[in-house]
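Visitor: My file is my_file_11.csv. It has CSV, C-alpha atoms and all ligand atoms:
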chain,number,residue,atom,x,y,z
A,83,MET,CA,-27.9,3.5,-12.1
A,84,ASN,CA,-24.5,1.8,-12.7
A,85,LYS,CA,-23.0,0.1,-9.7
A,86,ALA,CA,-20.0,-2.0,-8.9
A,87,THR,CA,-18.4,-3.5,-5.8
A,88,ALA,CA,-14.7,-4.5,-5.5
A,89,THR,CA,-12.4,-5.7,-2.8
A,90,ALA,CA,-8.6,-5.2,-2.3
A,91,HIS,CA,-6.0,-6.0,0.3
A,92,PRO,CA,-3.3,-3.8,1.8
A,93,ASN,CA,0.3,-4.3,0.8
A,94,ILE,CA,3.5,-3.9,2.8
A,95,ALA,CA,6.6,-2.7,0.9
A,96,LEU,CA,9.6,-5.0,1.0
A,97,ALA,CA,11.5,-2.2,-0.8
A,98,LYS,CA,10.0,1.2,0.1
A,99,TYR,CA,8.7,3.9,-2.1
A,100,TRP,CA,9.2,7.3,-0.5
A,101,GLY,CA,9.1,10.7,-2.3
A,102,LYS,CA,7.5,11.8,-5.5
A,103,ARG,CA,8.9,13.2,-8.7
A,104,PRO,CA,8.1,16.8,-9.3
A,105,ALA,CA,5.3,16.2,-11.8
A,106,GLU,CA,1.6,16.9,-12.4
A,107,THR,CA,0.4,13.4,-11.6
A,108,PRO,CA,1.7,11.3,-8.7
A,109,LEU,CA,4.9,9.5,-9.8
A,110,PRO,CA,7.3,7.8,-7.3
A,111,ALA,CA,10.9,9.0,-7.1
A,112,VAL,CA,12.1,5.4,-6.5
A,113,PRO,CA,11.1,1.9,-7.5
A,114,SER,CA,9.4,-0.3,-4.9
A,115,LEU,CA,8.5,-3.9,-4.3
A,116,SER,CA,5.6,-5.1,-2.1
A,117,LEU,CA,3.8,-8.1,-0.7
A,118,THR,CA,0.0,-8.0,-1.0
A,119,LEU,CA,-1.6,-9.3,2.2
A,120,HIS,CA,-4.3,-11.8,2.8
A,121,GLY,CA,-6.4,-11.4,6.0
A,122,MET,CA,-7.3,-7.7,5.8
A,123,SER,CA,-9.4,-6.0,3.1
A,124,THR,CA,-11.3,-3.0,1.9
A,125,THR,CA,-14.6,-3.3,0.1
A,126,ALA,CA,-15.6,-0.3,-2.1
A,127,GLU,CA,-19.0,0.1,-3.7
A,128,VAL,CA,-19.5,2.9,-6.3
A,129,ALA,CA,-22.7,3.9,-8.0
A,130,PHE,CA,-23.1,6.6,-10.7
A,131,SER,CA,-26.5,8.0,-11.4
A,132,ASP,CA,-27.8,11.0,-13.3
A,133,GLU,CA,-30.4,11.2,-10.5
A,134,PHE,CA,-27.8,12.0,-7.8
A,135,THR,CA,-27.5,15.7,-7.3
A,136,ARG,CA,-24.1,15.6,-5.6
A,137,ASP,CA,-21.3,13.2,-4.7
A,138,GLU,CA,-21.7,11.3,-1.4
A,139,VAL,CA,-18.8,9.5,0.3
A,140,HIS,CA,-19.3,7.0,3.2
A,141,LEU,CA,-16.2,5.7,4.9
A,142,ASP,CA,-16.5,3.0,7.5
A,143,GLY,CA,-20.2,3.6,8.1
A,144,GLN,CA,-19.9,7.4,8.4
A,145,VAL,CA,-20.5,10.3,6.0
A,146,ALA,CA,-17.0,11.5,5.1
A,147,GLN,CA,-16.2,15.2,5.3
A,148,GLY,CA,-13.3,17.5,4.9
A,149,ALA,CA,-10.0,16.3,3.4
A,150,ALA,CA,-11.0,12.6,3.4
A,151,ALA,CA,-14.1,13.2,1.3
A,152,GLU,CA,-12.2,15.7,-1.0
A,153,ARG,CA,-9.6,13.1,-1.7
A,154,VAL,CA,-12.2,10.5,-2.8
A,155,VAL,CA,-14.1,13.1,-4.9
A,156,ALA,CA,-10.9,14.2,-6.6
A,157,PHE,CA,-10.3,10.5,-7.5
A,158,ILE,CA,-13.9,10.1,-8.8
A,159,ASP,CA,-13.4,13.3,-10.9
A,160,GLU,CA,-10.4,11.5,-12.5
A,161,VAL,CA,-12.6,8.4,-13.2
A,162,ARG,CA,-15.3,10.7,-14.7
A,163,ARG,CA,-12.7,12.4,-16.9
A,164,ARG,CA,-11.3,9.0,-18.2
A,165,ALA,CA,-14.9,7.7,-18.8
A,166,GLY,CA,-16.2,10.9,-20.3
A,167,ILE,CA,-19.2,10.9,-17.9
A,168,LYS,CA,-20.7,13.6,-15.7
A,169,ALA,CA,-23.0,11.6,-13.3
A,170,ARG,CA,-22.6,12.2,-9.6
A,171,ALA,CA,-21.4,9.2,-7.5
A,172,ARG,CA,-22.2,7.5,-4.2
A,173,VAL,CA,-19.1,5.8,-2.8
A,174,THR,CA,-19.1,3.5,0.2
A,175,SER,CA,-15.8,2.1,1.5
A,176,LYS,CA,-15.4,-0.3,4.4
A,177,ASN,CA,-12.3,-1.8,6.0
A,178,ASP,CA,-12.6,-5.2,7.8
A,179,PHE,CA,-9.7,-4.2,10.0
A,180,PRO,CA,-9.7,-1.3,12.5
A,181,THR,CA,-8.7,1.9,10.8
A,182,ALA,CA,-8.4,3.4,14.3
A,183,ALA,CA,-5.4,1.1,14.8
A,184,GLY,CA,-3.6,3.4,12.3
A,185,LEU,CA,-2.9,0.6,9.8
A,186,ALA,CA,-2.2,2.0,6.3
A,187,SER,CA,-5.4,1.6,4.5
A,188,SER,CA,-5.1,3.9,1.5
A,189,ALA,CA,-3.5,1.2,-0.6
A,190,SER,CA,-6.4,-1.3,-0.3
A,191,ALA,CA,-8.9,1.6,-0.3
A,192,PHE,CA,-7.8,3.2,-3.6
A,193,ALA,CA,-7.2,-0.2,-5.3
A,194,ALA,CA,-10.7,-1.3,-4.5
A,195,LEU,CA,-12.1,2.1,-5.4
A,196,ALA,CA,-10.3,2.2,-8.8
A,197,LEU,CA,-11.7,-1.2,-9.8
A,198,ALA,CA,-15.2,-0.5,-8.6
A,199,ALA,CA,-15.4,3.1,-9.9
A,200,SER,CA,-14.0,2.3,-13.3
A,201,LYS,CA,-16.4,-0.6,-13.8
A,202,ALA,CA,-19.4,1.4,-12.6
A,203,ALA,CA,-18.3,4.2,-15.0
A,204,GLY,CA,-18.5,1.8,-17.9
A,205,LEU,CA,-14.7,1.7,-18.5
A,206,GLU,CA,-13.3,-1.6,-19.5
A,207,LEU,CA,-9.8,-1.5,-18.0
A,208,SER,CA,-7.0,-4.0,-18.1
A,209,PRO,CA,-5.4,-4.8,-14.7
A,210,SER,CA,-2.5,-2.4,-15.6
A,211,GLU,CA,-4.9,0.4,-16.4
A,212,VAL,CA,-6.7,-0.2,-13.1
A,213,SER,CA,-3.3,0.0,-11.4
A,214,ASP,CA,-2.4,3.3,-13.2
A,215,LEU,CA,-5.8,4.7,-12.1
A,216,ALA,CA,-5.3,3.6,-8.5
A,217,ARG,CA,-2.0,5.4,-8.4
A,218,MET,CA,-3.9,8.7,-8.8
A,219,GLY,CA,-5.4,8.1,-5.3
A,220,SER,CA,-2.3,6.7,-3.6
A,221,ILE,CA,0.9,5.5,-5.2
A,222,SER,CA,1.1,2.4,-3.0
A,223,ALA,CA,-2.5,1.5,-4.2
A,224,ALA,CA,-1.1,0.8,-7.7
A,225,ARG,CA,0.6,-2.2,-6.1
A,226,SER,CA,-2.5,-3.6,-4.3
A,227,VAL,CA,-4.3,-4.1,-7.6
A,228,PHE,CA,-2.1,-7.2,-8.0
A,229,GLY,CA,-1.6,-10.2,-5.7
A,230,GLY,CA,1.6,-11.7,-4.3
A,231,PHE,CA,4.9,-10.0,-5.0
A,232,VAL,CA,4.4,-6.7,-6.9
A,233,GLU,CA,6.8,-4.2,-8.3
A,234,LEU,CA,6.4,-0.6,-9.3
A,235,ASP,CA,9.0,1.3,-11.3
A,236,ALA,CA,10.1,4.9,-10.5
A,237,GLY,CA,8.4,7.5,-12.6
A,238,HIS,CA,10.0,9.6,-15.3
A,239,ASP,CA,9.3,13.3,-15.5
A,240,GLU,CA,5.8,14.0,-17.0
A,241,GLN,CA,5.2,10.3,-17.8
A,242,GLU,CA,1.5,9.7,-18.3
A,243,PHE,CA,1.1,6.0,-17.7
A,244,LEU,CA,2.7,4.1,-14.8
A,245,ALA,CA,1.3,0.8,-13.5
A,246,ALA,CA,2.6,-1.8,-11.1
A,247,SER,CA,3.1,-5.4,-12.2
A,248,GLN,CA,3.2,-8.8,-10.6
A,249,LEU,CA,6.7,-10.2,-10.0
A,250,ALA,CA,5.5,-13.5,-8.6
A,251,PRO,CA,2.1,-14.8,-7.5
A,252,ALA,CA,1.0,-15.2,-3.9
A,253,ASN,CA,1.7,-19.0,-4.0
A,254,HIS,CA,5.3,-18.4,-5.1
A,255,TRP,CA,6.6,-18.3,-1.5
A,256,ASP,CA,4.7,-19.1,1.8
A,257,LEU,CA,6.0,-16.1,3.8
A,258,ARG,CA,4.3,-14.4,6.8
A,259,MET,CA,4.0,-10.7,7.4
A,260,LEU,CA,3.3,-10.2,11.1
A,261,ILE,CA,1.9,-6.8,12.0
A,262,ALA,CA,2.8,-5.7,15.5
A,263,ILE,CA,0.3,-3.0,16.5
A,264,THR,CA,2.0,-0.6,18.9
A,265,GLU,CA,0.9,2.1,21.4
A,266,GLY,CA,2.5,4.8,19.3
A,267,LYS,CA,0.8,8.1,18.5
A,268,LYS,CA,-1.0,8.9,15.3
A,269,ALA,CA,1.6,9.6,12.6
A,270,GLU,CA,1.8,12.4,10.1
A,271,SER,CA,0.4,11.5,6.7
A,272,SER,CA,2.7,10.0,4.2
A,273,ARG,CA,1.8,12.7,1.7
A,274,ALA,CA,2.8,15.6,4.1
A,275,GLY,CA,5.8,13.6,5.3
A,276,MET,CA,7.2,13.0,1.9
A,277,GLU,CA,6.9,16.6,0.9
A,278,ARG,CA,8.8,17.8,4.0
A,279,VAL,CA,11.5,15.1,3.5
A,280,SER,CA,12.1,15.9,-0.2
A,281,GLU,CA,12.2,19.7,0.6
A,282,THR,CA,14.3,19.6,3.8
A,283,SER,CA,16.2,16.3,4.2
A,284,PRO,CA,19.8,16.6,3.0
A,285,TYR,CA,19.8,12.8,2.6
A,286,PHE,CA,16.9,12.8,0.1
A,287,PRO,CA,19.2,12.8,-3.0
A,288,ALA,CA,21.2,10.0,-1.5
A,289,TRP,CA,18.0,8.0,-0.9
A,290,VAL,CA,16.8,8.5,-4.5
A,291,GLY,CA,20.3,7.5,-5.7
A,292,SER,CA,20.6,4.3,-3.6
A,293,ALA,CA,17.0,2.9,-3.2
A,294,PRO,CA,17.0,1.3,-6.7
A,295,GLN,CA,20.0,-0.9,-5.8
A,296,VAL,CA,18.3,-2.2,-2.6
A,297,MET,CA,15.1,-2.8,-4.6
A,298,MET,CA,17.0,-4.9,-7.1
A,299,LEU,CA,18.5,-7.0,-4.2
A,300,ALA,CA,15.1,-7.6,-2.8
A,301,ARG,CA,13.6,-8.4,-6.2
A,302,ASP,CA,16.4,-10.9,-6.9
A,303,ALA,CA,16.0,-12.5,-3.5
A,304,VAL,CA,12.2,-13.0,-4.1
A,305,LEU,CA,12.9,-14.7,-7.4
A,306,ARG,CA,15.5,-16.9,-5.9
A,307,LYS,CA,13.5,-17.4,-2.7
A,308,ASP,CA,16.6,-16.4,-0.6
A,309,PHE,CA,15.0,-15.4,2.7
A,310,GLN,CA,18.1,-14.0,4.3
A,311,ALA,CA,18.9,-11.8,1.3
A,312,LEU,CA,15.3,-10.6,1.2
A,313,GLY,CA,15.2,-9.9,4.9
A,314,GLU,CA,18.5,-8.0,4.8
A,315,ALA,CA,17.4,-5.9,1.8
A,316,MET,CA,14.0,-5.2,3.4
A,317,GLU,CA,15.5,-4.1,6.7
A,318,GLN,CA,18.0,-1.8,4.8
A,319,SER,CA,15.3,-0.3,2.7
A,320,ALA,CA,13.2,0.5,5.9
A,321,ALA,CA,16.3,1.9,7.7
A,322,MET,CA,17.2,4.1,4.8
A,323,MET,CA,13.6,5.4,4.5
A,324,HIS,CA,13.5,6.2,8.3
A,325,ALA,CA,17.0,7.7,8.1
A,326,VAL,CA,15.9,10.2,5.4
A,327,CYS,CA,12.8,11.0,7.5
A,328,LEU,CA,14.9,11.6,10.7
A,329,ALA,CA,17.1,14.0,8.8
A,330,ALA,CA,14.2,16.2,7.7
A,331,ARG,CA,13.6,19.6,9.4
A,332,PRO,CA,11.8,19.3,11.7
A,333,ALA,CA,12.7,15.6,12.1
A,334,LEU,CA,9.9,13.2,11.0
A,335,VAL,CA,9.9,10.4,13.5
A,336,TYR,CA,7.6,7.6,12.5
A,337,LEU,CA,9.3,4.9,14.6
A,338,SER,CA,7.7,4.5,18.1
A,339,SER,CA,9.4,3.1,21.1
A,340,GLY,CA,7.4,-0.1,20.5
A,341,SER,CA,8.5,-0.4,16.9
A,342,VAL,CA,12.2,0.2,17.9
A,343,ALA,CA,11.8,-2.5,20.6
A,344,VAL,CA,10.5,-4.9,17.9
A,345,LEU,CA,13.6,-4.1,15.7
A,346,HIS,CA,15.9,-5.1,18.6
A,347,GLU,CA,13.8,-8.2,19.4
A,348,LEU,CA,14.0,-9.5,15.9
A,349,ALA,CA,17.8,-9.0,15.9
A,350,GLN,CA,17.9,-11.1,19.1
A,351,LEU,CA,15.7,-13.8,17.5
A,352,ARG,CA,18.1,-14.1,14.6
A,353,LYS,CA,21.0,-14.5,17.0
A,354,GLU,CA,19.0,-17.4,18.5
A,355,GLY,CA,18.6,-18.9,15.0
A,356,THR,CA,15.1,-17.8,13.9
A,357,ALA,CA,15.0,-15.8,10.7
A,358,ALA,CA,12.7,-12.8,11.1
A,359,TYR,CA,13.3,-9.3,9.7
A,360,PHE,CA,11.9,-5.8,10.5
A,361,THR,CA,10.2,-3.2,8.5
A,362,ALA,CA,8.0,-0.2,9.4
A,363,ASP,CA,6.2,2.4,7.3
A,364,ALA,CA,4.7,5.9,7.9
A,365,GLY,CA,3.2,5.0,11.2
A,366,PRO,CA,4.1,3.6,14.6
A,367,HIS,CA,3.5,-0.1,14.0
A,368,ALA,CA,6.2,-2.6,13.3
A,369,LYS,CA,6.1,-5.5,10.8
A,370,ALA,CA,8.1,-8.7,10.9
A,371,LEU,CA,8.7,-10.9,7.9
A,372,THR,CA,9.3,-14.6,8.6
A,373,LEU,CA,8.8,-18.0,7.1
A,374,ALA,CA,5.6,-20.0,7.6
A,375,GLY,CA,7.3,-22.6,9.8
A,376,ASP,CA,8.6,-19.9,12.2
A,377,GLN,CA,5.3,-18.0,12.5
A,378,ASP,CA,4.3,-19.2,16.0
A,379,ARG,CA,7.7,-18.6,17.6
A,380,VAL,CA,7.9,-15.0,16.2
A,381,VAL,CA,4.3,-14.1,17.1
A,382,GLU,CA,5.0,-15.2,20.7
A,383,ARG,CA,8.1,-13.1,21.0
A,384,LEU,CA,6.4,-10.1,19.4
A,385,ARG,CA,3.6,-10.3,22.0
A,386,SER,CA,6.2,-10.1,24.7
A,387,VAL,CA,7.7,-6.8,23.5
A,388,PRO,CA,6.7,-3.8,25.7
A,389,GLY,CA,4.4,-1.4,23.7
A,390,VAL,CA,3.1,-4.1,21.4
A,391,VAL,CA,-0.7,-4.5,21.9
A,392,GLU,CA,-1.7,-6.9,19.2
A,393,VAL,CA,-0.1,-9.1,16.5
A,394,ARG,CA,-1.8,-9.9,13.3
A,395,VAL,CA,-0.7,-12.7,11.0
A,396,CYS,CA,-0.9,-12.1,7.2
A,397,ARG,CA,0.0,-14.5,4.4
A,398,PRO,CA,0.5,-13.5,0.8
A,399,GLY,CA,-2.8,-12.4,-0.7
A,400,ALA,CA,-4.7,-11.9,-4.0
A,401,GLY,CA,-5.1,-8.8,-6.1
A,402,ALA,CA,-8.2,-6.6,-6.3
A,403,GLN,CA,-11.3,-8.4,-7.3
A,404,LEU,CA,-14.7,-7.4,-8.6
A,405,ALA,CA,-17.5,-8.6,-6.3
A,406,SER,CA,-20.6,-7.6,-8.3
A,407,THR,CA,-21.8,-5.1,-10.9
A,408,SER,CA,-25.1,-3.9,-12.2
A,409,THR,CA,-24.9,-1.9,-15.3
A,410,PRO,CA,-27.4,-1.5,-18.2
A,411,PRO,CA,-26.5,-3.6,-21.3
A,412,SER,CA,-25.5,-0.5,-23.2
A,413,VAL,CA,-22.5,0.1,-20.9
A,414,GLY,CA,-22.1,-3.2,-19.2
A,415,ARG,CA,-19.6,-5.5,-20.8
A,416,SER,CA,-18.0,-8.5,-19.2
A,417,SER,CA,-14.3,-8.2,-18.3
A,418,ALA,CA,-12.0,-10.1,-16.1
A,419,ALA,CA,-10.9,-8.6,-12.8
A,420,PRO,CA,-7.1,-8.4,-12.3
A,421,SER,CA,-5.7,-11.9,-11.7
A,422,PRO,CA,-4.6,-12.8,-8.1
A,501,LIG,O1,1.3,5.9,-1.4
A,501,LIG,P1,1.2,6.1,0.1
A,501,LIG,O2,0.9,7.5,0.4
A,501,LIG,O3,0.4,5.1,0.7
A,501,LIG,O4,2.7,6.0,0.6
A,501,LIG,C1,3.2,4.8,1.1
A,501,LIG,C2,4.6,4.9,1.6
A,501,LIG,C3,5.1,3.7,2.4
A,501,LIG,O5,4.0,2.9,2.9
A,501,LIG,C4,5.8,4.2,3.7
A,501,LIG,C5,6.1,2.9,1.7
A,501,LIG,C6,5.5,2.0,0.6
A,501,LIG,O6,6.2,1.8,-0.4
A,501,LIG,O7,4.4,1.5,0.7
The structure in this file should be written as structure tokens.
Guide:
Amino acid sequence: MNKATATAHPNIALAKYWGKRPAETPLPAVPSLSLTLHGMSTTAEVAFSDEFTRDEVHLDGQVAQGAAAERVVAFIDEVRRRAGIKARARVTSKNDFPTAAGLASSASAFAALALAASKAAGLELSPSEVSDLARMGSISAARSVFGGFVELDAGHDEQEFLAASQLAPANHWDLRMLIAITEGKKAESSRAGMERVSETSPYFPAWVGSAPQVMMLARDAVLRKDFQALGEAMEQSAAMMHAVCLAARPALVYLSSGSVAVLHELAQLRKEGTAAYFTADAGPHAKALTLAGDQDRVVERLRSVPGVVEVRVCRPGAGAQLASTSTPPSVGRSSAAPSP
């Protein structure tokens, strides 16, 4: 039996990816930039054995069924295809943060799974190749393979290889991403949401046309460590993403009353002289980006916002890491995990 375990952290997009190119494999319609977060993680263990008679998937301590299991098995099929093996797999994936809270976990899950499964299958992949593989499970997972500030280009039609890359390491800038968990309802999956938006939102072509420019503003602000420029670009990217969603038919409303209240609260904080900026993804929770020195003040204010039930503090984190492997000498070769 060949077995490997890997850990990865979620990431939050500073410049959003939203929408896929019409292609066979998942390719993003726009470039994106994210921050990998320390403080929350997914650990995935994958074992391949000729003795297993079928694939088995355990997610957060339960045997997975239906769409969740199918998605993991489809991913494992891709790993088997790349490795040229046929053995069935046992996959165990656990988050150390509550999935029930609706926090996006597919990025950390597929990044950890890509690293563990490729290793257990006997593939010796570079970090870029792990990222390209992770993209097959979830496009944002390609970014969680790397630590710190990570960028991912838009795809070109029928392109076969597309990997994220690190723009700057976690210690480049001591920022804080504060996650404000709100009482909002369970959101529609990003996969279904993107499809509806690209098919029905009249603003979708405008989003695809203008997102690269906002991404470049955010990228440049990260390199220059210009917090105001980064915050403004990040807020605009989120506003543009939610605008294109609101214009879909029927409207796709991810923002909750709590997350909109956070948006207003952060604007008020800035008027009072504290720099903190808003973003939100395909769910009801809000996120605030701030500087390490302003963390306590911003956390206190977020806790006072009606609808916010909990605030989590995340600093920049490392990339996916291999925890352990056990492979026979014939297939087991030593390789470095992606660097933080
Ligand atoms: O790749 P997915 O399905 O996790 O989509 C992620 C989309 C957003 O989180 C909303 C934006 C992003 O770039 O992470």
Visitor: Using all atoms listed in the file, what does the table of chain A residues within 9 Å of ligand LIG 501 (chain A) look like, with each row giving the shortest atom pair and its distance in Å to one decimal, sorted by chain and ascending number, as CSV?
Guide:
residue,atom,partner,partner_atom,distance
A:Asn93,CA,A:LIG501,O7,7.1
A:Ile94,CA,A:LIG501,O7,5.9
A:Ala95,CA,A:LIG501,O6,4.7
A:Leu96,CA,A:LIG501,O6,7.7
A:Ala97,CA,A:LIG501,O6,6.7
A:Lys98,CA,A:LIG501,O6,3.9
A:Tyr99,CA,A:LIG501,O6,3.7
A:Trp100,CA,A:LIG501,C2,5.6
A:Gly101,CA,A:LIG501,C2,8.3
A:Pro110,CA,A:LIG501,O1,8.6
A:Pro113,CA,A:LIG501,O6,8.6
A:Ser114,CA,A:LIG501,O6,5.9
A:Leu115,CA,A:LIG501,O6,7.3
A:Ser116,CA,A:LIG501,O6,7.1
A:Ala186,CA,A:LIG501,O3,6.9
A:Ser187,CA,A:LIG501,O3,7.8
A:Ser188,CA,A:LIG501,O3,5.7
A:Ala189,CA,A:LIG501,O3,5.7
A:Arg217,CA,A:LIG501,O1,7.8
A:Gly219,CA,A:LIG501,O1,8.1
A:Ser220,CA,A:LIG501,O1,4.3
A:Ile221,CA,A:LIG501,O1,3.8
A:Ser222,CA,A:LIG501,O1,3.9
A:Ala223,CA,A:LIG501,O1,6.5
A:Ala224,CA,A:LIG501,O1,8.5
A:Arg225,CA,A:LIG501,O7,8.6
A:Ser271,CA,A:LIG501,O2,7.5
A:Ser272,CA,A:LIG501,O2,4.9
A:Arg273,CA,A:LIG501,O2,5.4
A:Met276,CA,A:LIG501,O4,8.4
A:Ala320,CA,A:LIG501,C4,8.6
A:Met323,CA,A:LIG501,C4,7.9
A:Ala362,CA,A:LIG501,C4,7.5
A:Asp363,CA,A:LIG501,C4,4.0
A:Ala364,CA,A:LIG501,C4,4.7
A:Gly365,CA,A:LIG501,C4,8.0
Visitor: For a quick check of understanding, using only C-alpha atoms, which of A:Ala150, A:Arg162, A:Met316, A:Ala171 has the smallest distance to Asp137 of chain A?
Guide: A:Ala171
Visitor: Between A:Val387, A:Leu337, A:Met122, A:Ala198, which is the closest to Lys268 of chain A once you count all atoms listed in the file?
Guide: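 Looking only at the distances to Lys268 of chain A, the closest residue turns out to be A:Leu337.
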Visitor: List every protein, DNA or RNA residue that has an atom no more than 9 Å from (-9.9, 2.5, -4.1) in the file's coordinate frame, counting all atoms listed in the file, and report them as a list in words.
Guide: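 Within the cut-off we find Ala88, Thr89, Ala90, Thr124, Thr125, Ala126, Val154, Phe157, Ser175, Ser188, Ala189, Ser190, Ala191, Phe192, Ala193, Ala194, Leu195, Ala196, Leu197, Ala198, Ala199, Ala216, Gly219, Ser220 and Ala223 of chain A.
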Visitor: Nearest residue to Glu152 of chain A out of A:His346, A:His140, A:His324, A:Arg397, using all atoms listed in the file?
Guide: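 Comparing A:His346, A:His140, A:His324, A:Arg397 against Glu152 of chain A, the winner is A:His140.
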Visitor: For a test of reading the model, state the distance in Å between atom CA of Gln241 of chain A and atom CA of Leu215 of chain A, rounded to one decimal.
Guide: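 Result for atom CA of Gln241 of chain A versus atom CA of Leu215 of chain A: 13.6 Å, one decimal.
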